[in-house]
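Peer 1: The structure file structure16.pdb (PDB, C-alpha atoms) is provided below.
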ATOM      1  CA  MET A   1      44.891 120.628  23.995  1.00  0.00           C
ATOM      2  CA  SER A   2      45.117 116.920  24.757  1.00  0.00           C
ATOM      3  CA  ARG A   3      48.296 115.886  26.555  1.00  0.00           C
ATOM      4  CA  HIS A   4      48.199 112.340  25.132  1.00  0.00           C
ATOM      5  CA  VAL A   5      51.466 111.457  23.441  1.00  0.00           C
ATOM      6  CA  SER A   6      51.323 108.748  20.790  1.00  0.00           C
ATOM      7  CA  ASN A   7      54.182 106.309  20.386  1.00  0.00           C
ATOM      8  CA  ASP A   8      54.958 107.854  16.983  1.00  0.00           C
ATOM      9  CA  LEU A   9      55.144 111.351  18.492  1.00  0.00           C
ATOM     10  CA  LYS A  10      57.405 110.055  21.287  1.00  0.00           C
ATOM     11  CA  ARG A  11      59.707 108.449  18.707  1.00  0.00           C
ATOM     12  CA  ARG A  12      59.847 111.621  16.587  1.00  0.00           C
ATOM     13  CA  ALA A  13      60.494 113.749  19.689  1.00  0.00           C
ATOM     14  CA  ARG A  14      63.396 111.513  20.787  1.00  0.00           C
ATOM     15  CA  GLU A  15      64.899 111.644  17.280  1.00  0.00           C
ATOM     16  CA  LEU A  16      64.571 115.454  17.186  1.00  0.00           C
ATOM     17  CA  ALA A  17      66.037 115.803  20.689  1.00  0.00           C
ATOM     18  CA  ASP A  18      69.024 113.652  19.736  1.00  0.00           C
ATOM     19  CA  ARG A  19      69.550 115.360  16.364  1.00  0.00           C
ATOM     20  CA  GLU A  20      69.334 118.945  17.652  1.00  0.00           C
ATOM     21  CA  ARG A  21      70.741 118.328  21.162  1.00  0.00           C
ATOM     22  CA  ILE A  22      67.701 119.686  23.014  1.00  0.00           C
ATOM     23  CA  PRO A  23      65.771 118.122  25.910  1.00  0.00           C
ATOM     24  CA  TYR A  24      63.048 115.622  25.073  1.00  0.00           C
ATOM     25  CA  SER A  25      60.376 117.886  26.610  1.00  0.00           C
ATOM     26  CA  ALA A  26      61.462 120.791  24.376  1.00  0.00           C
ATOM     27  CA  ALA A  27      61.465 118.556  21.285  1.00  0.00           C
ATOM     28  CA  LEU A  28      57.954 117.367  22.140  1.00  0.00           C
ATOM     29  CA  ALA A  29      56.790 120.970  22.555  1.00  0.00           C
ATOM     30  CA  ARG A  30      58.331 121.941  19.222  1.00  0.00           C
ATOM     31  CA  LEU A  31      56.544 119.109  17.413  1.00  0.00           C
ATOM     32  CA  ARG A  32      53.253 120.275  18.928  1.00  0.00           C
ATOM     33  CA  THR A  33      53.844 123.895  17.809  1.00  0.00           C
ATOM     34  CA  PRO A  34      51.929 124.880  14.648  1.00  0.00           C
ATOM     35  CA  ALA A  35      54.044 124.842  11.481  1.00  0.00           C
ATOM     36  CA  GLY A  36      55.704 128.127  10.582  1.00  0.00           C
ATOM     37  CA  ARG A  37      56.085 129.371  14.156  1.00  0.00           C
ATOM     38  CA  PRO A  38      59.623 130.309  15.255  1.00  0.00           C
ATOM     39  CA  THR A  39      61.200 128.019  17.824  1.00  0.00           C
ATOM     40  CA  ASP A  40      64.709 128.439  19.235  1.00  0.00           C
ATOM     41  CA  THR A  41      66.913 131.541  19.159  1.00  0.00           C
ATOM     42  CA  ALA A  42      70.354 132.416  20.495  1.00  0.00           C
ATOM     43  CA  ALA A  43      70.240 133.751  24.059  1.00  0.00           C
ATOM     44  CA  ASP A  44      71.652 137.132  23.017  1.00  0.00           C
ATOM     45  CA  GLN A  45      69.186 137.672  20.157  1.00  0.00           C
ATOM     46  CA  PRO A  46      66.282 140.057  20.817  1.00  0.00           C
ATOM     47  CA  ARG A  47      62.879 138.405  20.812  1.00  0.00           C
ATOM     48  CA  PHE A  48      60.216 140.652  19.283  1.00  0.00           C
ATOM     49  CA  ALA A  49      57.220 138.449  20.003  1.00  0.00           C
ATOM     50  CA  ARG A  50      56.050 136.070  22.664  1.00  0.00           C
ATOM     51  CA  PHE A  51      54.704 132.693  21.672  1.00  0.00           C
ATOM     52  CA  LEU A  52      52.314 130.271  23.304  1.00  0.00           C
ATOM     53  CA  LEU A  53      55.131 128.062  24.562  1.00  0.00           C
ATOM     54  CA  PRO A  54      57.344 129.224  27.442  1.00  0.00           C
ATOM     55  CA  GLU A  55      60.968 130.193  26.805  1.00  0.00           C
ATOM     56  CA  TYR A  56      63.953 128.799  28.679  1.00  0.00           C
ATOM     57  CA  LEU A  57      67.701 129.335  28.666  1.00  0.00           C
ATOM     58  CA  TYR A  58      69.403 126.057  27.837  1.00  0.00           C
ATOM     59  CA  VAL A  59      72.980 124.797  27.693  1.00  0.00           C
ATOM     60  CA  ASP A  60      73.676 121.635  25.717  1.00  0.00           C
ATOM     61  CA  PHE A  61      76.167 119.179  27.237  1.00  0.00           C
ATOM     62  CA  PRO A  62      77.675 116.215  25.392  1.00  0.00           C
ATOM     63  CA  HIS A  63      76.830 112.737  26.606  1.00  0.00           C
ATOM     64  CA  PRO A  64      79.396 111.229  28.992  1.00  0.00           C
ATOM     65  CA  ASP A  65      82.410 109.583  27.363  1.00  0.00           C
ATOM     66  CA  LEU A  66      81.850 105.919  28.219  1.00  0.00           C
ATOM     67  CA  GLN A  67      85.422 104.997  27.209  1.00  0.00           C
ATOM     68  CA  GLY A  68      84.285 101.576  25.966  1.00  0.00           C
ATOM     69  CA  SER A  69      82.167 100.749  29.021  1.00  0.00           C
ATOM     70  CA  PRO A  70      78.688  99.286  28.493  1.00  0.00           C
ATOM     71  CA  ALA A  71      75.958 101.947  28.481  1.00  0.00           C
ATOM     72  CA  CYS A  72      73.435 102.213  31.290  1.00  0.00           C
ATOM     73  CA  GLU A  73      70.256 100.492  30.089  1.00  0.00           C
ATOM     74  CA  ALA A  74      67.966 103.025  31.762  1.00  0.00           C
ATOM     75  CA  CYS A  75      69.335 106.106  29.943  1.00  0.00           C
ATOM     76  CA  ALA A  76      71.154 104.501  26.977  1.00  0.00           C
ATOM     77  CA  GLY A  77      74.398 106.122  28.133  1.00  0.00           C
ATOM     78  CA  SER A  78      73.131 109.721  28.137  1.00  0.00           C
ATOM     79  CA  GLY A  79      73.221 110.146  31.920  1.00  0.00           C
ATOM     80  CA  ILE A  80      69.863 111.951  31.643  1.00  0.00           C
ATOM     81  CA  ASP A  81      66.562 110.838  33.185  1.00  0.00           C
ATOM     82  CA  ALA A  82      64.838 108.462  30.748  1.00  0.00           C
ATOM     83  CA  GLU A  83      61.497 110.286  31.156  1.00  0.00           C
ATOM     84  CA  GLY A  84      63.047 113.563  30.026  1.00  0.00           C
ATOM     85  CA  ARG A  85      62.109 115.382  33.231  1.00  0.00           C
ATOM     86  CA  THR A  86      63.372 118.948  33.479  1.00  0.00           C
ATOM     87  CA  TYR A  87      63.122 121.837  35.911  1.00  0.00           C
ATOM     88  CA  ALA A  88      63.014 125.615  35.471  1.00  0.00           C
ATOM     89  CA  SER A  89      65.439 127.502  37.702  1.00  0.00           C
ATOM     90  CA  PRO A  90      64.799 131.271  37.953  1.00  0.00           C
ATOM     91  CA  SER A  91      67.324 133.525  36.171  1.00  0.00           C
ATOM     92  CA  ASP A  92      68.471 137.060  36.983  1.00  0.00           C
ATOM     93  CA  GLY A  93      67.866 140.264  35.063  1.00  0.00           C
ATOM     94  CA  GLY A  94      64.543 139.406  33.427  1.00  0.00           C
ATOM     95  CA  GLN A  95      66.031 136.511  31.449  1.00  0.00           C
ATOM     96  CA  PRO A  96      63.952 133.374  30.854  1.00  0.00           C
ATOM     97  CA  PRO A  97      64.380 130.670  33.499  1.00  0.00           C
ATOM     98  CA  LEU A  98      67.262 128.232  33.125  1.00  0.00           C
ATOM     99  CA  LEU A  99      66.192 124.757  32.035  1.00  0.00           C
ATOM    100  CA  VAL A 100      68.042 122.044  33.968  1.00  0.00           C
ATOM    101  CA  GLU A 101      67.829 118.316  33.324  1.00  0.00           C
ATOM    102  CA  VAL A 102      67.211 115.551  35.837  1.00  0.00           C
ATOM    103  CA  MET A 103      70.001 112.980  35.944  1.00  0.00           C
ATOM    104  CA  CYS A 104      69.490 109.235  35.520  1.00  0.00           C
ATOM    105  CA  SER A 105      68.769 107.638  38.903  1.00  0.00           C
ATOM    106  CA  THR A 106      70.216 104.283  37.801  1.00  0.00           C
ATOM    107  CA  CYS A 107      73.757 105.357  36.838  1.00  0.00           C
ATOM    108  CA  GLY A 108      73.912 108.656  38.721  1.00  0.00           C
ATOM    109  CA  GLY A 109      74.692 110.615  35.551  1.00  0.00           C
ATOM    110  CA  CYS A 110      77.866 108.782  34.468  1.00  0.00           C
ATOM    111  CA  GLY A 111      76.066 106.871  31.673  1.00  0.00           C
ATOM    112  CA  ARG A 112      77.701 103.534  32.491  1.00  0.00           C
ATOM    113  CA  ALA A 113      76.101 100.212  33.353  1.00  0.00           C
ATOM    114  CA  GLU A 114      79.094  99.200  35.471  1.00  0.00           C
ATOM    115  CA  HIS A 115      80.782 101.407  38.048  1.00  0.00           C
ATOM    116  CA  ASP A 116      84.422 101.202  39.082  1.00  0.00           C
ATOM    117  CA  MET A 117      84.236 102.516  42.625  1.00  0.00           C
ATOM    118  CA  GLU A 118      87.999 102.214  43.216  1.00  0.00           C
ATOM    119  CA  ASN A 119      89.280 104.081  40.150  1.00  0.00           C
ATOM    120  CA  GLY A 120      86.205 106.139  39.317  1.00  0.00           C
ATOM    121  CA  CYS A 121      84.107 106.005  36.173  1.00  0.00           C
ATOM    122  CA  GLY A 122      85.714 108.850  34.250  1.00  0.00           C
ATOM    123  CA  SER A 123      82.562 110.925  34.744  1.00  0.00           C
ATOM    124  CA  PRO A 124      81.215 112.319  38.021  1.00  0.00           C
ATOM    125  CA  HIS A 125      78.208 110.829  39.776  1.00  0.00           C
ATOM    126  CA  ALA A 126      75.444 113.151  40.856  1.00  0.00           C
ATOM    127  CA  ASP A 127      75.631 111.977  44.458  1.00  0.00           C
ATOM    128  CA  MET A 128      79.419 111.526  44.767  1.00  0.00           C
ATOM    129  CA  ASP A 129      79.754 114.276  47.382  1.00  0.00           C
ATOM    130  CA  GLU A 130      78.092 117.488  48.389  1.00  0.00           C
ATOM    131  CA  ASP A 131      79.426 119.630  45.555  1.00  0.00           C
ATOM    132  CA  GLY A 132      81.393 117.224  43.346  1.00  0.00           C
ATOM    133  CA  LEU A 133      84.217 119.717  42.917  1.00  0.00           C
ATOM    134  CA  ASP A 134      87.594 118.738  41.563  1.00  0.00           C
ATOM    135  CA  ASP A 135      89.983 118.794  44.539  1.00  0.00           C
ATOM    136  CA  ARG A 136      93.220 119.410  42.628  1.00  0.00           C
ATOM    137  CA  ASP A 137      95.267 122.462  43.495  1.00  0.00           C
ATOM    138  CA  GLU A 138      95.832 125.174  40.900  1.00  0.00           C
ATOM    139  CA  ASP A 139      99.449 124.072  40.259  1.00  0.00           C
ATOM    140  CA  GLU A 140      98.407 120.475  39.433  1.00  0.00           C
ATOM    141  CA  TYR A 141      96.863 121.413  36.069  1.00  0.00           C
ATOM    142  CA  ASP A 142      98.963 121.031  32.914  1.00  0.00           C
ATOM    143  CA  GLU A 143      97.594 124.252  31.424  1.00  0.00           C
ATOM    144  CA  GLU A 144      95.591 127.182  32.743  1.00  0.00           C
ATOM    145  CA  PRO A 145      93.235 125.872  35.462  1.00  0.00           C
ATOM    146  CA  PRO A 146      89.589 125.455  34.497  1.00  0.00           C
ATOM    147  CA  CYS A 147      86.758 127.298  36.179  1.00  0.00           C
ATOM    148  CA  PHE A 148      87.059 126.755  39.912  1.00  0.00           C
ATOM    149  CA  SER A 149      83.290 126.883  40.417  1.00  0.00           C
ATOM    150  CA  CYS A 150      82.795 123.677  38.440  1.00  0.00           C
ATOM    151  CA  ALA A 151      86.365 122.289  38.103  1.00  0.00           C
ATOM    152  CA  GLY A 152      86.099 122.510  34.318  1.00  0.00           C
ATOM    153  CA  ARG A 153      82.973 120.316  34.004  1.00  0.00           C
ATOM    154  CA  GLU A 154      80.816 123.374  33.152  1.00  0.00           C
ATOM    155  CA  PHE A 155      78.035 122.181  35.491  1.00  0.00           C
ATOM    156  CA  ASN A 156      77.357 121.189  39.083  1.00  0.00           C
ATOM    157  CA  TYR A 157      74.804 118.772  40.475  1.00  0.00           C
ATOM    158  CA  HIS A 158      72.049 120.014  42.773  1.00  0.00           C
ATOM    159  CA  GLN A 159      69.776 117.806  44.834  1.00  0.00           C
ATOM    160  CA  GLY A 160      66.020 118.141  44.478  1.00  0.00           C
ATOM    161  CA  PHE A 161      62.852 116.141  45.023  1.00  0.00           C
ATOM    162  CA  THR A 162      59.380 115.504  43.650  1.00  0.00           C
ATOM    163  CA  ARG A 163      56.204 115.766  45.721  1.00  0.00           C
ATOM    164  CA  ASP A 164      53.294 113.370  46.040  1.00  0.00           C
ATOM    165  CA  GLY A 165      49.601 114.288  45.810  1.00  0.00           C
ATOM    166  CA  GLN A 166      49.605 115.586  49.400  1.00  0.00           C
ATOM    167  CA  GLY A 167      52.617 117.837  48.788  1.00  0.00           C
ATOM    168  CA  GLU A 168      55.044 115.602  50.673  1.00  0.00           C
ATOM    169  CA  PRO A 169      58.520 114.817  49.216  1.00  0.00           C
ATOM    170  CA  ASP A 170      58.495 111.370  47.615  1.00  0.00           C
ATOM    171  CA  GLU A 171      61.547 111.093  45.321  1.00  0.00           C
ATOM    172  CA  VAL A 172      65.066 112.453  45.774  1.00  0.00           C
ATOM    173  CA  LEU A 173      66.740 113.344  42.499  1.00  0.00           C
ATOM    174  CA  TYR A 174      69.626 115.376  41.104  1.00  0.00           C
ATOM    175  CA  VAL A 175      69.614 118.062  38.426  1.00  0.00           C
ATOM    176  CA  ARG A 176      72.580 119.233  36.360  1.00  0.00           C
ATOM    177  CA  MET A 177      72.939 122.995  36.873  1.00  0.00           C
ATOM    178  CA  PRO A 178      75.020 124.779  34.187  1.00  0.00           C
ATOM    179  CA  CYS A 179      77.869 126.847  35.623  1.00  0.00           C
ATOM    180  CA  GLY A 180      78.158 130.574  34.919  1.00  0.00           C
ATOM    181  CA  CYS A 181      81.201 129.826  32.740  1.00  0.00           C
ATOM    182  CA  THR A 182      78.792 128.456  30.079  1.00  0.00           C
ATOM    183  CA  ALA A 183      77.002 131.812  29.604  1.00  0.00           C
ATOM    184  CA  ASP A 184      78.370 132.206  26.071  1.00  0.00           C
ATOM    185  CA  ARG A 185      76.836 128.848  25.087  1.00  0.00           C
ATOM    186  CA  MET A 186      73.339 129.501  26.411  1.00  0.00           C
ATOM    187  CA  ARG A 187      70.498 129.720  23.934  1.00  0.00           C
ATOM    188  CA  VAL A 188      66.779 130.289  24.272  1.00  0.00           C
ATOM    189  CA  ILE A 189      64.556 127.324  23.506  1.00  0.00           C
ATOM    190  CA  LEU A 190      60.835 126.764  23.736  1.00  0.00           C
ATOM    191  CA  GLY A 191      59.709 123.965  25.978  1.00  0.00           C
ATOM    192  CA  ASP A 192      56.957 122.190  27.821  1.00  0.00           C
ATOM    193  CA  LEU A 193      58.483 121.101  31.093  1.00  0.00           C
ATOM    194  CA  ILE A 194      57.818 118.006  33.112  1.00  0.00           C
ATOM    195  CA  LYS A 195      58.394 119.827  36.393  1.00  0.00           C
ATOM    196  CA  VAL A 196      60.056 118.718  39.583  1.00  0.00           C
ATOM    197  CA  ASN A 197      60.821 120.692  42.736  1.00  0.00           C
ATOM    198  CA  ALA A 198      64.494 121.444  43.300  1.00  0.00           C
TER     199      ALA A 198
END
Render the structure in this file as structure tokens.

Peer 2:
Amino acid sequence: MSRHVSNDLKRRARELADRERIPYSAALARLRTPAGRPTDTAADQPRFARFLLPEYLYVDFPHPDLQGSPACEACAGSGIDAEGRTYASPSDGGQPPLLVEVMCSTCGGCGRAEHDMENGCGSPHADMDEDGLDDRDEDEYDEEPPCFSCAGREFNYHQGFTRDGQGEPDEVLYVRMPCGCTADRMRVILGDLIKVNA
């Protein structure tokens, strides 16, 4: 099958990805799937047949709340890599791999065009520190504390890289890894990944 992607197919894939809150690569794969074939299912639903496209566990995250700030031009405020690059992270127990998205290298995942380094942007940056964890103590939360693995964000950033033609690292990037506290929101989607090494 030809891997050429027409401008019309790219436009339709972006519209589908935005409408159904799935990665661009998965939307593109779905549009290339013959009509009448099943696509996505809930993660806890049994799958009785395997299809030509690979399956991935996926957790949908809302776009960052820009709070009136101008949107990053590179990602249009989504915080996600404009090329739609994704990575498959192995899962336990025979489950499909977890699909993780590459963050925008221009805004660092916050979605904003301008960054307030003194007061913060209201959304974490992928490279803000080694683990990006919330450093508040348990008694500083108004209600029950959120998950301490992710400080209530439901994800953590992990550093990765791409490789050049000789297998040498050539681009440092960050992926958004869903936290285990999102397990009840995971669903199985079909995709066609643009892979990176993480």

Peer 1: Please measure the separation of CA of Gly108 in chain A and CA of Ala26 in chain A, giving the value in Å to one decimal.

Peer 2: 22.5 Å

Peer 1: Just give me the residues with any atom within 9 Å of (73.5, 112.8, 28.1), file coordinates, counting only C-alpha atoms, written as an mmCIF file with C-alpha atoms, keeping the file's coordinate frame.

Peer 2:
data_model
loop_
_atom_site.group_PDB
_atom_site.id
_atom_site.type_symbol
_atom_site.label_atom_id
_atom_site.label_comp_id
_atom_site.auth_asym_id
_atom_site.auth_seq_id
_atom_site.Cartn_x
_atom_site.Cartn_y
_atom_site.Cartn_z
ATOM 1 C CA PHE A 61 76.167 119.179 27.237
ATOM 2 C CA PRO A 62 77.675 116.215 25.392
ATOM 3 C CA HIS A 63 76.830 112.737 26.606
ATOM 4 C CA PRO A 64 79.396 111.229 28.992
ATOM 5 C CA CYS A 75 69.335 106.106 29.943
ATOM 6 C CA ALA A 76 71.154 104.501 26.977
ATOM 7 C CA GLY A 77 74.398 106.122 28.133
ATOM 8 C CA SER A 78 73.131 109.721 28.137
ATOM 9 C CA GLY A 79 73.221 110.146 31.920
ATOM 10 C CA ILE A 80 69.863 111.951 31.643
ATOM 11 C CA ASP A 81 66.562 110.838 33.185
ATOM 12 C CA MET A 103 70.001 112.980 35.944
ATOM 13 C CA GLY A 109 74.692 110.615 35.551
ATOM 14 C CA CYS A 110 77.866 108.782 34.468
ATOM 15 C CA GLY A 111 76.066 106.871 31.673
#

Peer 1: Looking at A:Ser91, A:Ser6, A:Ser105, A:Gln166, which one is nearest to Tyr58 in chain A, with distances taken over only C-alpha atoms?

Peer 2: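 With only C-alpha atoms as the atom set, the closest residue is A:Ser91.
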
Peer 1: Find, counting only C-alpha atoms, the residue in A:Glu171, A:Asp116, A:Glu20, A:Glu15 that gets nearest to Val102 in chain A.

Peer 2: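 Looking only at the distances to Val102 in chain A, the closest residue turns out to be A:Glu171.
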
Peer 1: Quick one: distance from CA of Tyr87 in chain A to CA of Arg153 in chain A in Å, one decimal?

Peer 2: 20.0 Å

Peer 1: Quick one: of A:Ala29, A:Leu190, A:Cys181, A:Ala74, who's nearest to Lys10 in chain A, counting only C-alpha atoms?

Peer 2: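 Going through A:Ala29, A:Leu190, A:Cys181, A:Ala74 one by one, the smallest distance to Lys10 in chain A is for A:Ala29.
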
Peer 1: Please compute the CA of Cys104 in chain A-CA of Gly167 in chain A distance, one decimal, in Å.

Peer 2: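 Result for CA of Cys104 in chain A versus CA of Gly167 in chain A: 23.1 Å, one decimal.
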